[in-house]
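Q: My structure is stored as query.cif, with mmCIF, C-alpha atoms.
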```cif
data_input
loop_
_atom_site.group_PDB
_atom_site.id
_atom_site.type_symbol
_atom_site.label_atom_id
_atom_site.label_comp_id
_atom_site.auth_asym_id
_atom_site.auth_seq_id
_atom_site.Cartn_x
_atom_site.Cartn_y
_atom_site.Cartn_z
ATOM 1 C CA MET A 46 22.498 -28.598 39.383
ATOM 2 C CA ILE A 47 24.994 -31.477 39.265
ATOM 3 C CA LYS A 48 28.177 -30.655 41.164
ATOM 4 C CA VAL A 49 31.277 -32.177 39.575
ATOM 5 C CA VAL A 50 34.937 -32.446 40.515
ATOM 6 C CA LEU A 51 37.208 -33.084 37.535
ATOM 7 C CA ILE A 52 40.379 -35.006 38.309
ATOM 8 C CA GLY A 53 42.985 -34.574 35.594
ATOM 9 C CA THR A 54 44.413 -31.726 33.556
ATOM 10 C CA GLY A 55 44.758 -33.264 30.092
ATOM 11 C CA ASN A 56 42.757 -32.805 26.910
ATOM 12 C CA VAL A 57 39.631 -34.667 28.064
ATOM 13 C CA ALA A 58 39.437 -32.772 31.359
ATOM 14 C CA MET A 59 40.071 -29.448 29.632
ATOM 15 C CA GLN A 60 37.371 -30.012 27.011
ATOM 16 C CA LEU A 61 34.796 -31.172 29.572
ATOM 17 C CA PHE A 62 35.583 -28.252 31.836
ATOM 18 C CA HIS A 63 35.220 -25.558 29.184
ATOM 19 C CA THR A 64 31.997 -27.081 27.848
ATOM 20 C CA TRP A 65 30.430 -27.289 31.306
ATOM 21 C CA ARG A 66 31.530 -23.747 32.176
ATOM 22 C CA SER A 67 28.589 -22.439 30.141
ATOM 23 C CA SER A 68 26.142 -25.092 31.392
ATOM 24 C CA ALA A 69 23.163 -24.236 33.583
ATOM 25 C CA GLU A 70 22.923 -27.872 34.677
ATOM 26 C CA VAL A 71 26.486 -28.693 35.737
ATOM 27 C CA GLU A 72 28.861 -26.834 38.038
ATOM 28 C CA VAL A 73 32.499 -27.894 38.065
ATOM 29 C CA ILE A 74 33.294 -26.933 41.633
ATOM 30 C CA GLN A 75 36.930 -28.020 41.450
ATOM 31 C CA VAL A 76 39.681 -29.372 39.203
ATOM 32 C CA ALA A 77 42.262 -31.609 40.878
ATOM 33 C CA GLY A 78 45.538 -32.947 39.599
ATOM 34 C CA ARG A 79 49.171 -33.703 40.248
ATOM 35 C CA SER A 80 50.773 -30.924 38.212
ATOM 36 C CA PRO A 81 50.636 -27.450 39.826
ATOM 37 C CA GLU A 82 51.693 -25.917 36.506
ATOM 38 C CA LYS A 83 48.787 -27.463 34.570
ATOM 39 C CA LEU A 84 46.315 -26.711 37.357
ATOM 40 C CA ARG A 85 47.100 -23.013 37.085
ATOM 41 C CA SER A 86 45.301 -22.851 33.726
ATOM 42 C CA PHE A 87 42.030 -23.613 35.595
ATOM 43 C CA HIS A 88 42.681 -21.317 38.560
ATOM 44 C CA SER A 89 40.911 -18.262 37.085
ATOM 45 C CA PHE A 90 37.673 -20.201 36.655
ATOM 46 C CA THR A 91 37.309 -22.613 39.580
ATOM 47 C CA SER A 92 38.929 -24.047 42.692
ATOM 48 C CA ILE A 93 42.012 -26.225 42.199
ATOM 49 C CA ALA A 94 43.532 -28.853 44.472
ATOM 50 C CA SER A 95 45.855 -31.815 44.718
ATOM 51 C CA ILE A 96 44.228 -35.233 44.372
ATOM 52 C CA ASN A 97 44.220 -35.991 48.107
ATOM 53 C CA GLN A 98 42.588 -32.638 48.914
ATOM 54 C CA VAL A 99 39.515 -32.736 46.693
ATOM 55 C CA ASN A 100 36.267 -31.100 47.719
ATOM 56 C CA PRO A 101 34.094 -33.774 49.403
ATOM 57 C CA ASP A 102 30.820 -31.999 48.513
ATOM 58 C CA ALA A 103 30.506 -32.918 44.812
ATOM 59 C CA ASP A 104 27.876 -35.279 43.429
ATOM 60 C CA ILE A 105 30.198 -36.859 40.865
ATOM 61 C CA TYR A 106 33.978 -37.237 40.608
ATOM 62 C CA ILE A 107 35.302 -37.740 37.067
ATOM 63 C CA LEU A 108 38.735 -39.316 36.626
ATOM 64 C CA ALA A 109 40.021 -37.954 33.311
ATOM 65 C CA VAL A 110 43.485 -39.394 33.842
ATOM 66 C CA SER A 111 45.657 -41.942 32.042
ATOM 67 C CA ASP A 112 44.417 -45.544 32.058
ATOM 68 C CA ASP A 113 47.322 -46.666 34.225
ATOM 69 C CA ALA A 114 46.523 -44.052 36.885
ATOM 70 C CA VAL A 115 42.777 -44.673 37.324
ATOM 71 C CA ARG A 116 42.939 -47.339 40.048
ATOM 72 C CA GLU A 117 45.649 -45.528 42.021
ATOM 73 C CA VAL A 118 43.865 -42.156 41.871
ATOM 74 C CA ALA A 119 40.505 -43.674 42.828
ATOM 75 C CA ILE A 120 42.065 -45.171 45.965
ATOM 76 C CA GLN A 121 43.600 -41.807 46.916
ATOM 77 C CA LEU A 122 40.338 -39.859 46.771
ATOM 78 C CA PRO A 123 39.266 -38.804 50.278
ATOM 79 C CA VAL A 124 35.537 -39.176 49.529
ATOM 80 C CA HIS A 125 33.025 -41.765 50.692
ATOM 81 C CA ASP A 126 29.752 -42.940 49.171
ATOM 82 C CA LYS A 127 30.184 -40.614 46.190
ATOM 83 C CA LEU A 128 29.917 -41.561 42.529
ATOM 84 C CA ILE A 129 33.313 -41.908 40.819
ATOM 85 C CA LEU A 130 33.563 -42.248 37.020
ATOM 86 C CA HIS A 131 36.469 -42.908 34.665
ATOM 87 C CA THR A 132 36.592 -41.712 31.043
ATOM 88 C CA ALA A 133 38.686 -44.529 29.538
ATOM 89 C CA GLY A 134 37.548 -46.547 26.546
ATOM 90 C CA ASN A 135 39.699 -49.585 27.257
ATOM 91 C CA LEU A 136 39.311 -49.952 31.034
ATOM 92 C CA PRO A 137 36.663 -52.241 32.516
ATOM 93 C CA LEU A 138 34.301 -51.082 35.195
ATOM 94 C CA ASP A 139 35.861 -53.426 37.754
ATOM 95 C CA VAL A 140 39.064 -51.337 37.799
ATOM 96 C CA PHE A 141 37.351 -49.708 40.798
ATOM 97 C CA ASN A 142 36.985 -51.344 44.200
ATOM 98 C CA LYS A 143 33.682 -53.179 44.507
ATOM 99 C CA GLY A 144 32.726 -51.084 47.510
ATOM 100 C CA GLN A 145 32.908 -47.812 45.540
ATOM 101 C CA ARG A 146 29.952 -46.236 43.784
ATOM 102 C CA SER A 147 31.482 -46.192 40.335
ATOM 103 C CA GLY A 148 30.846 -46.021 36.629
ATOM 104 C CA VAL A 149 32.127 -45.072 33.190
ATOM 105 C CA PHE A 150 31.694 -41.820 31.298
ATOM 106 C CA TYR A 151 33.465 -42.363 27.954
ATOM 107 C CA PRO A 152 33.170 -39.645 25.276
ATOM 108 C CA LEU A 153 33.919 -41.425 21.988
ATOM 109 C CA GLN A 154 36.056 -38.771 20.326
ATOM 110 C CA THR A 155 39.626 -37.648 19.776
ATOM 111 C CA PHE A 156 40.506 -34.504 21.733
ATOM 112 C CA SER A 157 43.189 -31.893 21.059
ATOM 113 C CA SER A 158 43.955 -28.922 23.271
ATOM 114 C CA SER A 159 43.970 -26.503 20.327
ATOM 115 C CA ARG A 160 40.596 -27.562 18.894
ATOM 116 C CA PRO A 161 37.311 -27.031 20.813
ATOM 117 C CA ALA A 162 35.132 -30.139 20.968
ATOM 118 C CA ASN A 163 31.517 -30.092 19.826
ATOM 119 C CA PHE A 164 30.048 -32.439 22.411
ATOM 120 C CA SER A 165 26.566 -32.246 20.898
ATOM 121 C CA GLU A 166 27.816 -34.628 18.176
ATOM 122 C CA ILE A 167 29.857 -36.936 20.431
ATOM 123 C CA PRO A 168 28.457 -40.253 21.709
ATOM 124 C CA ILE A 169 28.789 -40.587 25.477
ATOM 125 C CA CYS A 170 29.162 -44.247 26.473
ATOM 126 C CA ILE A 171 28.090 -44.917 30.047
ATOM 127 C CA GLU A 172 28.101 -47.822 32.475
ATOM 128 C CA SER A 173 27.417 -48.176 36.177
ATOM 129 C CA MET A 174 28.398 -50.600 38.925
ATOM 130 C CA HIS A 175 24.995 -50.031 40.530
ATOM 131 C CA LYS A 176 21.793 -49.654 38.522
ATOM 132 C CA SER A 177 20.644 -46.944 40.919
ATOM 133 C CA ASP A 178 23.489 -44.679 39.711
ATOM 134 C CA LEU A 179 22.922 -45.199 35.992
ATOM 135 C CA GLU A 180 20.222 -42.547 35.646
ATOM 136 C CA GLN A 181 22.417 -39.912 37.297
ATOM 137 C CA ILE A 182 25.250 -40.737 34.876
ATOM 138 C CA ARG A 183 22.784 -40.551 31.972
ATOM 139 C CA ARG A 184 21.569 -37.124 33.155
ATOM 140 C CA LEU A 185 25.162 -35.905 33.249
ATOM 141 C CA GLY A 186 25.771 -37.203 29.721
ATOM 142 C CA LEU A 187 22.646 -35.486 28.401
ATOM 143 C CA THR A 188 24.040 -32.117 29.517
ATOM 144 C CA LEU A 189 26.618 -32.607 26.744
ATOM 145 C CA SER A 190 25.067 -34.793 24.056
ATOM 146 C CA GLU A 191 21.743 -36.248 22.948
ATOM 147 C CA LYS A 192 23.503 -39.544 22.190
ATOM 148 C CA VAL A 193 24.104 -41.187 25.553
ATOM 149 C CA VAL A 194 24.409 -44.972 25.241
ATOM 150 C CA GLU A 195 24.849 -47.694 27.838
ATOM 151 C CA VAL A 196 27.812 -49.811 26.698
ATOM 152 C CA PHE A 197 29.091 -52.645 28.864
ATOM 153 C CA SER A 198 32.808 -53.156 29.534
ATOM 154 C CA ASP A 199 33.196 -56.206 27.287
ATOM 155 C CA GLN A 200 31.605 -54.262 24.405
ATOM 156 C CA ARG A 201 33.428 -51.001 25.091
ATOM 157 C CA ARG A 202 36.884 -52.534 24.691
ATOM 158 C CA TYR A 203 35.953 -53.515 21.107
ATOM 159 C CA LEU A 204 34.511 -50.062 20.518
ATOM 160 C CA HIS A 205 37.814 -48.564 21.651
ATOM 161 C CA LEU A 206 39.750 -50.971 19.424
ATOM 162 C CA ALA A 207 37.631 -49.985 16.414
ATOM 163 C CA ALA A 208 38.185 -46.305 17.279
ATOM 164 C CA VAL A 209 41.968 -46.824 17.212
ATOM 165 C CA PHE A 210 41.714 -48.206 13.674
ATOM 166 C CA ALA A 211 39.311 -45.450 12.568
ATOM 167 C CA ASN A 212 41.189 -42.543 14.096
ATOM 168 C CA ASN A 213 44.720 -43.206 15.345
ATOM 169 C CA PHE A 214 45.825 -45.519 12.551
ATOM 170 C CA THR A 215 44.155 -43.383 9.881
ATOM 171 C CA ASN A 216 45.888 -40.282 11.218
ATOM 172 C CA HIS A 217 49.250 -42.060 11.214
ATOM 173 C CA LEU A 218 48.772 -43.023 7.556
ATOM 174 C CA LEU A 219 48.081 -39.354 6.814
ATOM 175 C CA LYS A 220 51.345 -38.490 8.578
ATOM 176 C CA ILE A 221 53.179 -40.965 6.306
ATOM 177 C CA SER A 222 51.489 -39.313 3.300
ATOM 178 C CA GLN A 223 52.685 -35.932 4.523
ATOM 179 C CA ASP A 224 56.246 -37.201 5.008
ATOM 180 C CA ILE A 225 56.339 -38.616 1.459
ATOM 181 C CA LEU A 226 55.197 -35.309 -0.025
ATOM 182 C CA VAL A 227 57.485 -33.124 2.087
ATOM 183 C CA GLU A 228 60.456 -35.301 1.124
ATOM 184 C CA LYS A 229 59.664 -34.670 -2.573
ATOM 185 C CA GLU A 230 58.893 -30.951 -2.038
ATOM 186 C CA LEU A 231 55.177 -31.333 -2.699
ATOM 187 C CA ASP A 232 52.440 -29.487 -0.785
ATOM 188 C CA PHE A 233 50.293 -31.580 1.587
ATOM 189 C CA GLU A 234 47.419 -29.179 0.823
ATOM 190 C CA LEU A 235 47.033 -31.002 -2.504
ATOM 191 C CA LEU A 236 45.662 -33.986 -0.575
ATOM 192 C CA ARG A 237 43.122 -32.123 1.559
ATOM 193 C CA PRO A 238 40.207 -32.333 -0.950
ATOM 194 C CA LEU A 239 40.822 -36.090 -1.251
ATOM 195 C CA ILE A 240 40.901 -36.474 2.533
ATOM 196 C CA ARG A 241 37.652 -34.522 2.896
ATOM 197 C CA GLU A 242 35.957 -36.658 0.231
ATOM 198 C CA THR A 243 37.218 -39.853 1.885
ATOM 199 C CA THR A 244 35.646 -38.941 5.226
ATOM 200 C CA SER A 245 32.452 -37.417 3.825
ATOM 201 C CA LYS A 246 31.840 -40.417 1.557
ATOM 202 C CA VAL A 247 31.329 -42.756 4.510
ATOM 203 C CA GLU A 248 28.484 -40.505 5.689
ATOM 204 C CA GLU A 249 26.486 -41.952 2.765
ATOM 205 C CA LEU A 250 28.196 -45.271 1.981
ATOM 206 C CA SER A 251 29.562 -48.083 4.119
ATOM 207 C CA PRO A 252 33.398 -48.259 4.208
ATOM 208 C CA GLY A 253 33.155 -51.467 2.197
ATOM 209 C CA GLU A 254 31.191 -49.733 -0.555
ATOM 210 C CA ALA A 255 33.490 -46.702 -0.527
ATOM 211 C CA GLN A 256 36.764 -48.604 -1.037
ATOM 212 C CA THR A 257 38.689 -47.772 -4.215
ATOM 213 C CA GLY A 258 42.334 -47.895 -5.290
ATOM 214 C CA PRO A 259 44.873 -50.258 -6.834
ATOM 215 C CA ALA A 260 44.509 -53.006 -4.196
ATOM 216 C CA ARG A 261 40.716 -52.986 -4.597
ATOM 217 C CA ARG A 262 41.225 -53.426 -8.362
ATOM 218 C CA SER A 263 44.117 -55.902 -7.948
ATOM 219 C CA ASP A 264 46.289 -53.554 -10.010
ATOM 220 C CA THR A 265 49.538 -55.313 -9.113
ATOM 221 C CA GLY A 266 51.575 -53.289 -11.601
ATOM 222 C CA THR A 267 50.739 -50.018 -9.848
ATOM 223 C CA MET A 268 51.255 -51.542 -6.400
ATOM 224 C CA ASP A 269 54.710 -52.834 -7.366
ATOM 225 C CA LYS A 270 55.695 -49.395 -8.675
ATOM 226 C CA HIS A 271 54.490 -47.753 -5.450
ATOM 227 C CA ILE A 272 56.560 -50.147 -3.344
ATOM 228 C CA ASP A 273 59.622 -49.377 -5.474
ATOM 229 C CA LEU A 274 59.115 -45.657 -4.855
ATOM 230 C CA LEU A 275 59.034 -46.056 -1.075
ATOM 231 C CA GLU A 276 62.436 -45.611 0.546
ATOM 232 C CA ASN A 277 61.418 -46.503 4.105
ATOM 233 C CA GLU A 278 61.308 -50.277 4.620
ATOM 234 C CA LEU A 279 58.653 -50.004 7.304
ATOM 235 C CA HIS A 280 56.463 -48.001 4.912
ATOM 236 C CA LYS A 281 56.933 -50.731 2.312
ATOM 237 C CA ASP A 282 55.717 -53.305 4.853
ATOM 238 C CA ILE A 283 52.710 -51.153 5.761
ATOM 239 C CA TYR A 284 51.814 -50.712 2.085
ATOM 240 C CA ARG A 285 52.074 -54.458 1.412
ATOM 241 C CA LEU A 286 50.119 -55.491 4.509
ATOM 242 C CA ILE A 287 47.226 -53.061 3.999
ATOM 243 C CA SER A 288 47.060 -53.888 0.295
ATOM 244 C CA LYS A 289 46.961 -57.601 1.139
ATOM 245 C CA SER A 290 44.171 -57.002 3.654
ATOM 246 C CA ILE A 291 42.123 -55.080 1.040
ATOM 247 C CA GLN A 292 42.620 -57.795 -1.572
ATOM 248 C CA ILE A 293 41.587 -60.569 0.817
ATOM 249 C CA ASN A 294 38.579 -58.563 1.946
ATOM 250 C CA TYR A 295 37.294 -58.249 -1.625
ATOM 251 C CA GLY A 296 38.162 -61.791 -2.671
ATOM 252 C CA ASN A 297 40.867 -60.730 -5.094
ATOM 253 C CA LYS A 298 43.670 -63.075 -6.063
ATOM 254 C CA LEU A 299 46.988 -62.373 -4.336
#
```
Could you show the structure in this file as structure tokens?
A:
Amino acid sequence: MIKVVLIGTGNVAMQLFHTWRSSAEVEVIQVAGRSPEKLRSFHSFTSIASINQVNPDADIYILAVSDDAVREVAIQLPVHDKLILHTAGNLPLDVFNKGQRSGVFYPLQTFSSSRPANFSEIPICIESMHKSDLEQIRRLGLTLSEKVVEVFSDQRRYLHLAAVFANNFTNHLLKISQDILVEKELDFELLRPLIRETTSKVEELSPGEAQTGPARRSDTGTMDKHIDLLENELHKDIYRLISKSIQINYGNKL
């Protein structure tokens, strides 16, 4: 049994906690954080504490906090010679003090409080300051997912960058689509089959093979009409820039 203390009360900590609650291999012996209000949601299931009062008897301490808080929180922990992991995609391993046993435990997924995560399908990217700790981190990852991959800091920052394009930017474009339809009293549900096909298509094809649309065809007449329809100048710029990127990518004339 791996004893874990989770530090943080956000979406990542919540999803890890509720998944490990039913695990026979991991026991979350405590959740620690700065917000008493958020900690109360864990109180019925495990011990809770402030960051400087964490249980010193865990095997692993997981910092599921904001990127900016990782170094500060790690320094505050009153534990010695224990393995401390952060869950950030964009933070290097050396954010920790060299004297600390430390590593990375990065689940490559977007998490929302209202939607349970299926960790069995989520890659867990791991890294360790000391090779001797890597196997323990791998064992912890395998309690969640069969896909546990060692990814070094200089690689992981590019992985995180690619994830922002794939998820955050894509979701924002969907929000713009929704705003356009709502403004014209059209139902966003009309787009859901298209969205599902867009995401399912790349299960079989590469994104390059799956690309369609007026920019892919260099249909400048349609693109000009679309830009005329847009009332938000920023949306016009986004449309032009993405269309230009598609055209350049496929060698079309601009």
Q: Given the PyMOL selection byres ((chain A and resi 157) around 12) and the file above, list the residues it selects as a list in words.
A: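 When the PyMOL selection byres ((chain A and resi 157) around 12) is applied to the shown file, the picked residues are Gly55, Asn56, Val57, Ala58, Met59, Gln60, Leu61, Gln154, Thr155, Phe156, Ser158, Ser159, Arg160, Pro161, Ala162 and Asn163 of chain A.
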Q: The PyMOL selection byres ((chain A and resi 287-291) around 12) on the file shown: which residues, as a PyMOL selection string?
A: chain A and resi 214-215+218+252-253+256-265+267-269+271-272+280-286+292-299
Q: Residues at most 10 Å from Tyr203 (chain A), counting only C-alpha atoms, excluding those fewer than 5 positions away in the same chain, as a ChimeraX atom specification?
A: /A:134-135,198,208-209
Q: Residues near His205 (chain A), anyone? I mean within 10 Å using all atoms listed in the file, not counting same-chain ones fewer than 6 positions away, as number ranges by chain.
A: A: 133-136, 151, 153, 211
Q: Can you pull out the residues contacting Pro123 (chain A)? Cut-off 9 Å, using all atoms listed in the file, and skip same-chain residues under 6 positions away; I want them as a CSV table (one decimal) with C-alpha atoms, keeping the file's coordinate frame.
A:
```csv
chain,number,residue,atom,x,y,z
A,96,ILE,CA,44.2,-35.2,44.4
A,97,ASN,CA,44.2,-36.0,48.1
A,98,GLN,CA,42.6,-32.6,48.9
A,99,VAL,CA,39.5,-32.7,46.7
A,100,ASN,CA,36.3,-31.1,47.7
A,101,PRO,CA,34.1,-33.8,49.4
```
Q: Written as an NGL selection string, which residues does the PyMOL selection byres ((chain A and resi 111-122) around 12) give for the file shown?
A: :A and (50-58 or 77-79 or 94-101 or 106-110 or 123-149)
Q: At a cut-off of 12 Å, using only C-alpha atoms, what residues contact Leu185 (chain A)? Leave out same-chain residues fewer than 3 positions from it and give the result as an mmCIF file with C-alpha atoms, keeping the file's coordinate frame.
A:
```cif
data_model
loop_
_atom_site.group_PDB
_atom_site.id
_atom_site.type_symbol
_atom_site.label_atom_id
_atom_site.label_comp_id
_atom_site.auth_asym_id
_atom_site.auth_seq_id
_atom_site.Cartn_x
_atom_site.Cartn_y
_atom_site.Cartn_z
ATOM 1 C CA MET A 46 22.498 -28.598 39.383
ATOM 2 C CA ILE A 47 24.994 -31.477 39.265
ATOM 3 C CA LYS A 48 28.177 -30.655 41.164
ATOM 4 C CA VAL A 49 31.277 -32.177 39.575
ATOM 5 C CA LEU A 61 34.796 -31.172 29.572
ATOM 6 C CA TRP A 65 30.430 -27.289 31.306
ATOM 7 C CA SER A 68 26.142 -25.092 31.392
ATOM 8 C CA ALA A 69 23.163 -24.236 33.583
ATOM 9 C CA GLU A 70 22.923 -27.872 34.677
ATOM 10 C CA VAL A 71 26.486 -28.693 35.737
ATOM 11 C CA GLU A 72 28.861 -26.834 38.038
ATOM 12 C CA VAL A 73 32.499 -27.894 38.065
ATOM 13 C CA ASP A 104 27.876 -35.279 43.429
ATOM 14 C CA ILE A 105 30.198 -36.859 40.865
ATOM 15 C CA TYR A 106 33.978 -37.237 40.608
ATOM 16 C CA ILE A 107 35.302 -37.740 37.067
ATOM 17 C CA LEU A 128 29.917 -41.561 42.529
ATOM 18 C CA LEU A 130 33.563 -42.248 37.020
ATOM 19 C CA VAL A 149 32.127 -45.072 33.190
ATOM 20 C CA PHE A 150 31.694 -41.820 31.298
ATOM 21 C CA TYR A 151 33.465 -42.363 27.954
ATOM 22 C CA PRO A 152 33.170 -39.645 25.276
ATOM 23 C CA ILE A 169 28.789 -40.587 25.477
ATOM 24 C CA CYS A 170 29.162 -44.247 26.473
ATOM 25 C CA ILE A 171 28.090 -44.917 30.047
ATOM 26 C CA ASP A 178 23.489 -44.679 39.711
ATOM 27 C CA LEU A 179 22.922 -45.199 35.992
ATOM 28 C CA GLU A 180 20.222 -42.547 35.646
ATOM 29 C CA GLN A 181 22.417 -39.912 37.297
ATOM 30 C CA ILE A 182 25.250 -40.737 34.876
ATOM 31 C CA THR A 188 24.040 -32.117 29.517
ATOM 32 C CA LEU A 189 26.618 -32.607 26.744
ATOM 33 C CA SER A 190 25.067 -34.793 24.056
ATOM 34 C CA GLU A 191 21.743 -36.248 22.948
ATOM 35 C CA LYS A 192 23.503 -39.544 22.190
ATOM 36 C CA VAL A 193 24.104 -41.187 25.553
#
```
Q: Take CA of Glu230 (chain A) and CA of Leu274 (chain A) and report the distance between them in Å, one decimal.
A: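 Computing it gives 15.0 Å between the two atoms.
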Q: With distances taken over all atoms listed in the file, which residue among A:Leu206, A:Ile225, A:Ser245, A:Glu82 lies nearest Glu276 (chain A)?
A: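 Closest to Glu276 (chain A) of all the choices is A:Ile225.
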Q: Axis-aligned box over every listed atom of region 99-103 of chain A, padded by 3 Å per side: centre and edges in Å to one decimal, as JSON?
A:
```
{"center_x": 35.0, "center_y": -32.4, "center_z": 47.1, "size_x": 15.0, "size_y": 8.7, "size_z": 10.6}
```
Q: Rounded to one decimal place, report the CA of Arg241 (chain A)-CA of Leu275 (chain A) distance in Å.
A: 24.6 Å
Q: At what distance in Å, to one decimal, does CA of Arg201 (chain A) lie from CA of Glu172 (chain A)?
A: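 If I compute the distance from CA of Glu172 (chain A) to CA of Arg201 (chain A), I get 9.6 Å.
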Q: Would you please work out which residue, of A:Ser177, A:Ser80, A:Ser222, A:Thr91, is nearest to Arg66 (chain A) when using all atoms listed in the file?
A: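 Comparing A:Ser177, A:Ser80, A:Ser222, A:Thr91 against Arg66 (chain A), the winner is A:Thr91.
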